[in-house]
>>> print(open('coords35.cif').read())   # mmCIF, C-alpha atoms
data_upload
#
loop_
_atom_site.label_atom_id
_atom_site.label_comp_id
_atom_site.auth_asym_id
_atom_site.auth_seq_id
_atom_site.Cartn_x
_atom_site.Cartn_y
_atom_site.Cartn_z
CA MET A 1 -13.03 -14.05 18.83
CA GLN A 2 -13.29 -10.28 18.94
CA ALA A 3 -13.44 -8.34 15.69
CA VAL A 4 -14.34 -4.86 14.54
CA LEU A 5 -17.45 -5.12 12.37
CA MET A 6 -18.52 -2.55 9.83
CA THR A 7 -22.27 -2.63 10.48
CA ALA A 8 -23.25 -0.29 7.63
CA ALA A 9 -21.66 2.26 5.30
CA GLY A 10 -21.09 5.58 7.05
CA ASN A 11 -19.00 7.50 9.59
CA PRO A 12 -16.24 5.88 11.70
CA GLU A 13 -18.87 5.06 14.37
CA VAL A 14 -20.17 2.21 12.16
CA LEU A 15 -17.03 0.29 13.24
CA GLN A 16 -18.07 -1.71 16.31
CA LEU A 17 -16.10 -4.22 18.39
CA GLN A 18 -18.13 -7.44 18.59
CA GLU A 19 -17.83 -11.14 19.35
CA VAL A 20 -17.90 -13.34 16.22
CA PRO A 21 -17.10 -17.01 15.50
CA LYS A 22 -13.42 -17.84 15.07
CA PRO A 23 -12.73 -19.01 11.48
CA THR A 24 -11.50 -22.50 10.56
CA PRO A 25 -8.69 -22.94 8.00
CA GLY A 26 -9.38 -24.76 4.74
CA ASN A 27 -7.02 -27.35 3.22
CA THR A 28 -4.37 -24.89 2.00
CA GLU A 29 -5.08 -22.17 4.56
CA LEU A 30 -3.39 -20.92 7.70
CA LEU A 31 -5.27 -19.85 10.81
CA VAL A 32 -3.35 -16.73 11.88
CA ARG A 33 -3.54 -15.17 15.33
CA LEU A 34 -3.28 -11.54 14.31
CA VAL A 35 -0.94 -9.31 16.29
CA ALA A 36 -1.42 -6.17 14.18
CA ALA A 37 -3.43 -4.89 11.22
CA GLY A 38 -2.49 -2.05 8.89
CA ILE A 39 -5.02 0.66 8.07
CA ASN A 40 -5.06 2.10 4.56
CA PRO A 41 -7.02 4.95 2.90
CA LEU A 42 -8.83 2.16 1.02
CA ASP A 43 -10.39 1.03 4.32
CA THR A 44 -11.86 4.47 4.99
CA LYS A 45 -13.28 4.65 1.45
CA LEU A 46 -14.93 1.23 1.78
CA ARG A 47 -16.33 2.20 5.17
CA LYS A 48 -17.81 5.42 3.79
CA ARG A 49 -19.29 4.16 0.53
CA GLY A 50 -19.75 0.44 1.21
CA THR A 51 -17.60 -2.60 0.40
CA PHE A 52 -17.22 -4.35 -2.97
CA TYR A 53 -19.74 -6.96 -1.72
CA PRO A 54 -22.62 -4.96 -0.15
CA GLU A 55 -24.83 -8.05 0.05
CA GLN A 56 -22.35 -9.63 2.51
CA MET A 57 -22.78 -7.32 5.50
CA PRO A 58 -21.64 -6.83 8.20
CA ALA A 59 -18.02 -6.84 7.06
CA ILE A 60 -14.58 -6.97 8.69
CA LEU A 61 -12.24 -4.46 7.01
CA GLY A 62 -8.45 -4.45 6.75
CA CYS A 63 -6.32 -5.95 3.94
CA ASP A 64 -3.00 -5.83 5.80
CA GLY A 65 -2.19 -8.30 8.56
CA ALA A 66 0.74 -9.68 10.54
CA GLY A 67 0.62 -12.44 13.11
CA ILE A 68 1.50 -15.96 14.21
CA VAL A 69 0.30 -19.18 12.58
CA GLU A 70 -1.98 -20.93 15.08
CA ALA A 71 -3.13 -23.91 12.99
CA ILE A 72 -2.76 -25.19 9.41
CA GLY A 73 -4.98 -26.94 6.88
CA ALA A 74 -4.31 -30.56 5.89
CA ASN A 75 -2.46 -29.68 2.67
CA VAL A 76 -0.32 -26.77 3.90
CA GLN A 77 3.34 -27.28 2.92
CA LYS A 78 5.35 -24.14 3.70
CA PHE A 79 4.26 -23.01 7.17
CA GLN A 80 3.96 -24.50 10.66
CA PRO A 81 2.17 -23.35 13.81
CA GLY A 82 4.34 -20.72 15.50
CA ASP A 83 5.61 -19.20 12.24
CA GLU A 84 5.41 -15.40 12.00
CA VAL A 85 3.80 -14.15 8.77
CA TYR A 86 2.57 -11.02 7.00
CA PHE A 87 0.23 -10.62 4.05
CA CYS A 88 -2.32 -8.50 2.19
CA TYR A 89 -5.57 -10.44 1.86
CA GLY A 90 -9.25 -10.02 2.71
CA GLY A 91 -11.01 -6.89 3.92
CA LEU A 92 -12.92 -6.00 0.75
CA GLY A 93 -16.24 -7.36 2.00
CA ALA A 94 -16.07 -11.04 0.97
CA HIS A 95 -13.25 -12.86 2.80
CA GLN A 96 -12.95 -11.34 6.27
CA GLY A 97 -10.35 -8.64 6.86
CA ASN A 98 -7.77 -8.24 9.59
CA TYR A 99 -9.49 -5.98 12.14
CA ALA A 100 -9.88 -9.17 14.19
CA GLU A 101 -8.10 -11.50 16.58
CA TYR A 102 -7.88 -14.31 14.00
CA THR A 103 -8.16 -14.79 10.26
CA THR A 104 -7.56 -17.46 7.62
CA VAL A 105 -5.42 -16.96 4.54
CA ASP A 106 -4.16 -19.30 1.80
CA GLU A 107 -0.50 -20.11 2.40
CA ARG A 108 0.33 -19.20 -1.21
CA PHE A 109 -0.50 -15.53 -0.57
CA VAL A 110 1.59 -15.24 2.61
CA ALA A 111 5.24 -14.37 3.30
CA SER A 112 7.41 -14.89 6.33
CA LYS A 113 7.41 -11.76 8.48
CA PRO A 114 10.71 -9.82 8.38
CA LYS A 115 12.58 -10.86 11.53
CA SER A 116 14.11 -7.46 12.22
CA ILE A 117 10.92 -5.41 12.61
CA SER A 118 7.90 -5.34 14.90
CA PHE A 119 4.51 -6.84 14.05
CA ALA A 120 3.17 -3.28 13.81
CA GLU A 121 5.74 -2.39 11.15
CA ALA A 122 5.11 -5.67 9.31
CA ALA A 123 1.33 -5.08 9.30
CA ALA A 124 1.88 -1.58 7.91
CA ALA A 125 3.85 -2.88 4.96
CA PRO A 126 2.07 -5.25 2.54
CA LEU A 127 -0.41 -3.12 0.58
CA VAL A 128 1.99 -0.20 0.15
CA LEU A 129 4.93 -2.45 -0.76
CA ILE A 130 2.94 -4.31 -3.41
CA THR A 131 1.45 -1.05 -4.77
CA ALA A 132 4.84 0.66 -5.05
CA TRP A 133 6.54 -2.47 -6.46
CA GLU A 134 3.92 -3.01 -9.16
CA GLY A 135 3.58 0.72 -9.90
CA LEU A 136 7.31 1.31 -10.34
CA TYR A 137 8.74 -2.01 -11.53
CA GLU A 138 5.85 -3.51 -13.49
CA ARG A 139 3.50 -0.73 -14.67
CA GLY A 140 6.24 1.93 -14.90
CA ARG A 141 9.07 -0.36 -16.09
CA LEU A 142 11.61 1.56 -14.00
CA GLU A 143 15.24 1.01 -15.05
CA PRO A 144 18.57 1.81 -13.33
CA GLY A 145 19.55 5.43 -13.98
CA ASP A 146 15.97 6.56 -14.66
CA LYS A 147 14.71 9.78 -13.13
CA VAL A 148 11.42 9.37 -11.30
CA LEU A 149 9.03 11.86 -9.68
CA ILE A 150 7.10 10.39 -6.71
CA HIS A 151 4.21 12.42 -5.36
CA ALA A 152 3.67 12.55 -1.57
CA GLY A 153 6.95 10.86 -0.71
CA ALA A 154 6.31 10.87 3.05
CA GLY A 155 2.97 9.04 2.70
CA GLY A 156 2.24 5.35 3.04
CA VAL A 157 2.91 4.35 -0.57
CA GLY A 158 5.33 7.22 -1.25
CA HIS A 159 7.84 6.42 1.49
CA VAL A 160 8.34 2.84 0.28
CA ALA A 161 8.26 3.91 -3.39
CA ILE A 162 11.29 6.17 -2.78
CA GLN A 163 13.21 3.23 -1.32
CA LEU A 164 12.21 0.74 -4.02
CA ALA A 165 13.19 3.26 -6.71
CA LYS A 166 16.60 3.76 -5.07
CA LEU A 167 17.07 -0.03 -4.78
CA LYS A 168 16.55 -0.18 -8.56
CA GLY A 169 19.27 2.48 -9.05
CA ALA A 170 16.95 5.33 -10.03
CA ASN A 171 17.23 9.05 -9.20
CA VAL A 172 14.27 10.25 -7.17
CA ALA A 173 12.50 13.60 -6.87
CA THR A 174 9.55 13.78 -4.49
CA THR A 175 6.93 16.27 -3.29
CA VAL A 176 6.34 17.05 0.41
CA SER A 177 4.47 19.68 2.44
CA SER A 178 6.72 20.25 5.46
CA GLN A 179 10.32 20.26 6.69
CA GLU A 180 9.61 17.23 8.89
CA LYS A 181 8.51 15.28 5.82
CA ALA A 182 11.49 16.60 3.86
CA ASP A 183 13.81 15.25 6.55
CA LEU A 184 12.15 11.81 6.33
CA VAL A 185 12.32 11.51 2.53
CA THR A 186 15.94 12.67 2.55
CA GLN A 187 16.78 9.92 5.05
CA LEU A 188 15.03 7.44 2.75
CA GLY A 189 17.28 8.46 -0.15
CA ALA A 190 15.36 11.10 -2.17
CA ASP A 191 17.74 13.08 -4.39
CA LYS A 192 15.48 16.11 -4.90
CA VAL A 193 12.84 17.36 -2.43
CA ILE A 194 10.13 19.69 -3.74
CA PHE A 195 7.97 21.71 -1.32
CA TYR A 196 4.85 21.70 -3.48
CA LYS A 197 3.04 24.38 -1.45
CA GLU A 198 5.82 26.87 -2.10
CA THR A 199 7.17 25.75 -5.48
CA ASP A 200 5.67 24.79 -8.84
CA PHE A 201 6.53 21.08 -8.84
CA VAL A 202 6.50 20.90 -12.66
CA GLN A 203 9.06 23.70 -13.02
CA ALA A 204 11.18 22.26 -10.20
CA THR A 205 11.13 18.84 -11.92
CA LEU A 206 12.05 20.34 -15.30
CA ASN A 207 14.91 22.28 -13.69
CA TRP A 208 16.13 19.03 -12.08
CA THR A 209 16.06 17.19 -15.42
CA ASN A 210 17.63 19.96 -17.54
CA GLY A 211 14.26 20.73 -19.11
CA GLU A 212 13.57 17.19 -20.34
CA GLY A 213 11.18 15.83 -17.70
CA VAL A 214 11.34 12.60 -15.73
CA ASP A 215 11.29 9.12 -17.25
CA LEU A 216 8.51 8.09 -14.86
CA ALA A 217 6.05 9.95 -12.65
CA PHE A 218 4.28 7.99 -9.88
CA ASP A 219 1.04 9.64 -8.75
CA THR A 220 -0.12 8.56 -5.29
CA VAL A 221 -2.41 11.60 -4.80
CA GLY A 222 -4.85 11.67 -7.72
CA GLY A 223 -7.34 14.41 -8.57
CA GLU A 224 -5.89 17.38 -10.43
CA ILE A 225 -2.32 16.28 -9.57
CA PHE A 226 -2.55 13.54 -12.22
CA ASP A 227 -2.92 15.72 -15.33
CA LYS A 228 -0.93 18.58 -13.80
CA THR A 229 2.01 16.13 -13.82
CA PHE A 230 1.95 15.43 -17.58
CA PRO A 231 4.27 18.38 -18.44
CA ALA A 232 6.83 17.10 -15.90
CA VAL A 233 7.28 13.81 -17.80
CA ARG A 234 9.61 13.52 -20.78
CA THR A 235 8.32 12.80 -24.29
CA TYR A 236 7.63 9.03 -24.59
CA GLY A 237 7.84 8.76 -20.79
CA ASP A 238 5.54 7.00 -18.32
CA ILE A 239 3.04 8.16 -15.73
CA VAL A 240 1.48 5.66 -13.33
CA THR A 241 -1.39 6.55 -10.99
CA ILE A 242 -2.90 4.58 -8.12
CA LEU A 243 -6.16 6.58 -8.34
CA GLU A 244 -8.92 6.74 -10.94
CA PRO A 245 -8.49 9.85 -13.14
CA LYS A 246 -11.23 12.43 -12.75
CA ALA A 247 -13.85 12.70 -15.51
CA ASN A 248 -12.60 16.13 -16.65
CA THR A 249 -8.93 15.07 -16.96
CA VAL A 250 -7.26 17.06 -19.76
CA TRP A 251 -5.32 14.51 -21.82
CA LYS A 252 -3.88 16.81 -24.53
CA VAL A 253 -0.36 17.17 -23.08
CA ALA A 254 -0.13 13.42 -22.42
CA ARG A 255 -1.21 12.67 -25.98
CA ASN A 256 1.10 15.24 -27.57
CA LYS A 257 4.06 13.87 -25.58
CA ASN A 258 3.07 10.27 -26.37
CA LEU A 259 3.07 9.36 -22.68
CA ARG A 260 2.39 5.80 -21.64
CA ILE A 261 -0.37 5.85 -18.98
CA GLY A 262 -0.30 3.12 -16.33
CA PHE A 263 -2.90 2.27 -13.71
CA GLU A 264 -1.91 0.51 -10.50
CA LEU A 265 -4.61 -1.19 -8.44
CA MET A 266 -3.06 -3.91 -6.30
CA LEU A 267 -6.57 -5.16 -5.38
CA THR A 268 -7.16 -6.55 -8.89
CA PRO A 269 -6.00 -10.12 -8.11
CA MET A 270 -8.20 -10.25 -5.00
CA LEU A 271 -11.24 -8.84 -6.82
CA LEU A 272 -10.82 -11.22 -9.77
CA GLY A 273 -9.76 -14.27 -7.76
CA ASN A 274 -6.52 -14.48 -9.76
CA ILE A 275 -4.53 -17.10 -7.82
CA GLU A 276 -1.32 -16.69 -9.85
CA ALA A 277 -1.25 -12.92 -9.27
CA LEU A 278 -2.03 -13.37 -5.56
CA GLN A 279 0.91 -15.78 -5.33
CA HIS A 280 3.05 -13.11 -7.00
CA HIS A 281 2.03 -10.72 -4.18
CA GLY A 282 3.36 -13.26 -1.69
CA GLU A 283 6.64 -13.42 -3.65
CA ILE A 284 6.94 -9.61 -3.67
CA LEU A 285 6.51 -9.59 0.12
CA GLN A 286 9.11 -12.34 0.54
CA GLN A 287 11.70 -10.33 -1.44
CA CYS A 288 10.83 -7.16 0.49
CA ALA A 289 11.22 -9.08 3.78
CA THR A 290 14.78 -9.94 2.72
CA TRP A 291 15.52 -6.29 1.95
CA ILE A 292 13.99 -5.17 5.27
CA ASP A 293 16.16 -7.65 7.17
CA GLU A 294 19.20 -6.43 5.19
CA ASN A 295 18.33 -2.88 6.37
CA LYS A 296 17.73 -1.75 2.78
CA LEU A 297 14.05 -0.96 3.31
CA LYS A 298 12.29 0.75 6.24
CA ILE A 299 8.60 0.95 7.12
CA GLN A 300 7.42 4.14 8.82
CA VAL A 301 4.61 3.75 11.39
CA SER A 302 3.27 7.07 12.65
CA ASN A 303 0.42 6.01 14.97
CA THR A 304 -0.88 2.84 16.63
CA PHE A 305 -4.31 2.18 18.18
CA PRO A 306 -5.83 -0.77 20.06
CA LEU A 307 -8.33 -2.88 18.09
CA LYS A 308 -11.31 -1.36 19.92
CA ALA A 309 -10.26 2.14 18.76
CA ALA A 310 -10.47 1.37 15.02
CA ALA A 311 -12.97 4.24 14.60
CA ASN A 312 -10.44 6.70 16.07
CA ALA A 313 -7.76 5.38 13.72
CA HIS A 314 -10.06 5.94 10.72
CA GLN A 315 -10.81 9.46 11.91
CA LEU A 316 -7.10 10.28 12.15
CA LEU A 317 -6.40 8.93 8.67
CA GLU A 318 -9.30 10.89 7.17
CA ASN A 319 -8.02 14.10 8.74
CA GLY A 320 -5.13 13.78 6.27
CA SER A 321 -1.43 14.61 6.06
CA ILE A 322 -0.26 11.48 7.88
CA THR A 323 3.42 10.57 7.63
CA GLY A 324 3.87 6.83 7.09
CA LYS A 325 1.21 4.37 8.27
CA VAL A 326 -1.47 3.86 10.96
CA VAL A 327 -1.73 0.43 12.61
CA LEU A 328 -4.12 -1.44 14.93
CA LEU A 329 -2.46 -3.47 17.70
CA ILE A 330 -4.55 -6.59 18.29
CA ASN A 331 -2.68 -9.09 20.43
CA ASP A 332 0.51 -8.80 22.44
CA ASN A 333 2.89 -11.48 21.21
#
>>> encode(input="coords35.cif", output="structure tokens")
Amino acid sequence: MQAVLMTAAGNPEVLQLQEVPKPTPGNTELLVRLVAAGINPLDTKLRKRGTFYPEQMPAILGCDGAGIVEAIGANVQKFQPGDEVYFCYGGLGAHQGNYAEYTTVDERFVASKPKSISFAEAAAAPLVLITAWEGLYERGRLEPGDKVLIHAGAGGVGHVAIQLAKLKGANVATTVSSQEKADLVTQLGADKVIFYKETDFVQATLNWTNGEGVDLAFDTVGGEIFDKTFPAVRTYGDIVTILEPKANTVWKVARNKNLRIGFELMLTPMLLGNIEALQHHGEILQQCATWIDENKLKIQVSNTFPLKAAANAHQLLENGSITGKVVLLINDN
């Protein structure tokens, strides 16, 4: 099969299309003919600095995949050849990722692809859906009627986080940088749009909450945004970040307000080999597929590239300010 191999850590040019052996499914695994693979900022970070398993090079990147079951292992129960599936698995440097024509994945970590959307949209969805779901519902304990601030609402994680928050019955404020992005987040249900380049987002959030602050802030940006957000959260409120706080984070406001700090890293189950948590990821995707098919949840794809142009896709993502997701198109179905 053809696959994009990461030959070393470095610039996008280290991603090279090569011929590699086609994998064989184990007892509980599916062999999936990939139609599309999502690209996430995580992929560009792993490419630049090296994967989690540097001794296992070269590597095939890409956690997000969507495709058609080609063959099944002897003990597979839920899926048959011809089934359309989507999932977030592989791509960290050990199990192969999805920048390839085929991959194997345990059936327990897989969900049926939403019927109403394209393979490109399905491949764009898993990592951001799981991240937003866990960040809001599990780490942040979001409840109906809560007020939530979501940073970068037009981004990959942000645009699904707005929708998941609204599905829970929350009120959503979000930060954006342009009118085009404001239009998108408004369509997705945001109640308050904050142009962070023109407005102090903390003051705008306090004005929106009558001076109290939000119940939950969801930081998808990191860096100085994390501790700058503390004053925008109510006393005894929650802040959840998907990035590692910087070493010089100033914690005083968070401590004085007794904030609950949550970290969201959806890779944890994959890195630790936690089967139960990986199964939970499959369940999250199955519920989200239902909502997508009920037209309650939309996935925004901004750009698509052929498999051989993975380096160009990485370059675009690293240039920043993408709306929605970038996807590799692998096979025509």
>>> resolve_selection(input="coords35.cif", expression="the PyMOL selection byres ((chain A and resi 28) around 9)", output="list in words")
Pro25, Gly26, Asn27, Glu29, Leu30, Ile72, Gly73, Ala74, Asn75, Val76, Gln77, Val105, Asp106, Glu107 and Arg108 of chain A
>>> atom_distance(input="coords35.cif", atom1="atom CA of A:Val160", atom2="atom CA of A:Leu129")
6.4 Å
>>> axis_aligned_box(input="coords35.cif", around="stretch 12-18 of chain A", padding_each_side="3 Å", output="JSON")
{"center_x": -18.1, "center_y": -0.8, "center_z": 15.1, "size_x": 10.1, "size_y": 19.3, "size_z": 12.9}
>>> atom_distance(input="coords35.cif", atom1="atom CA of A:Gly262", atom2="atom CA of A:Val110")
26.4 Å
>>> closest_residue(input="coords35.cif", among="A:Ala277, A:Ile150, A:Cys63, A:Met1", to="A:Ile239", atoms="only C-alpha atoms")
A:Ile150
>>> residues_near_point(input="coords35.cif", point="(4.7, 14.1, -29.2)", cutoff="7 Å", atoms="all atoms listed in the file", output="list of chain:residue names")
A:Thr235, A:Arg255, A:Asn256, A:Lys257, A:Asn258
>>> residues_around(input="coords35.cif", residues="A:Gln287", least_positions_apart="3", cutoff="12 Å", atoms="all atoms listed in the file", output="ChimeraX atom specification")
/A:110-114,126,129-130,133,164,280-284,290-294,296-297
>>> closest_residue(input="coords35.cif", among="A:Val193, A:Met57, A:Ala165, A:Cys288", to="A:Tyr86", atoms="only C-alpha atoms")
A:Cys288
>>> resolve_selection(input="coords35.cif", expression="the PyMOL selection byres ((chain A and resi 322) around 10)", output="PyMOL selection string")
chain A and resi 154-156+181+301-303+316-321+323-326
>>> closest_atom_pairs(input="coords35.cif", of="stretch 113-167 of chain A", to="stretch 199-219 of chain A", cutoff="9 Å", atoms="only C-alpha atoms", output="Markdown table")
| residue | atom | partner | partner_atom | distance |
| --- | --- | --- | --- | --- |
| A:Ala132 | CA | A:Phe218 | CA | 8.8 |
| A:Gly135 | CA | A:Phe218 | CA | 7.3 |
| A:Leu136 | CA | A:Phe218 | CA | 7.3 |
| A:Gly140 | CA | A:Leu216 | CA | 6.6 |
| A:Arg141 | CA | A:Leu216 | CA | 8.6 |
| A:Leu142 | CA | A:Leu216 | CA | 7.3 |
| A:Asp146 | CA | A:Asp215 | CA | 5.9 |
| A:Lys147 | CA | A:Val214 | CA | 5.1 |
| A:Val148 | CA | A:Leu216 | CA | 4.8 |
| A:Leu149 | CA | A:Ala217 | CA | 4.6 |
| A:Ile150 | CA | A:Phe218 | CA | 4.9 |
| A:His151 | CA | A:Asp219 | CA | 5.4 |
| A:Ala152 | CA | A:Asp219 | CA | 8.2 |
| A:Gly158 | CA | A:Phe218 | CA | 8.7 |
| A:Ala161 | CA | A:Phe218 | CA | 8.6 |
>>> resolve_selection(input="coords35.cif", expression="the PyMOL selection byres ((chain A and resi 43) around 9)", output="PyMOL selection string")
chain A and resi 39-42+44-48+51+61-63+91-92+314
>>> write_last_selection(input="coords35.cif", atoms="C-alpha atoms", output="CSV table (one decimal), in the frame of the given file")
chain,number,residue,atom,x,y,z
A,39,ILE,CA,-5.0,0.7,8.1
A,40,ASN,CA,-5.1,2.1,4.6
A,41,PRO,CA,-7.0,5.0,2.9
A,42,LEU,CA,-8.8,2.2,1.0
A,44,THR,CA,-11.9,4.5,5.0
A,45,LYS,CA,-13.3,4.6,1.4
A,46,LEU,CA,-14.9,1.2,1.8
A,47,ARG,CA,-16.3,2.2,5.2
A,48,LYS,CA,-17.8,5.4,3.8
A,51,THR,CA,-17.6,-2.6,0.4
A,61,LEU,CA,-12.2,-4.5,7.0
A,62,GLY,CA,-8.4,-4.4,6.8
A,63,CYS,CA,-6.3,-6.0,3.9
A,91,GLY,CA,-11.0,-6.9,3.9
A,92,LEU,CA,-12.9,-6.0,0.8
A,314,HIS,CA,-10.1,5.9,10.7
>>> atom_distance(input="coords35.cif", atom1="atom CA of A:Leu127", atom2="atom CA of A:Gly38")
8.6 Å
>>> closest_residue(input="coords35.cif", among="A:Asp238, A:Asp227, A:Glu84, A:Glu276", to="A:Val253", atoms="all atoms listed in the file")
A:Asp227
>>> closest_residue(input="coords35.cif", among="A:Gln80, A:Thr24, A:Thr304, A:Asn295", to="A:Gln163", atoms="all atoms listed in the file")
A:Asn295
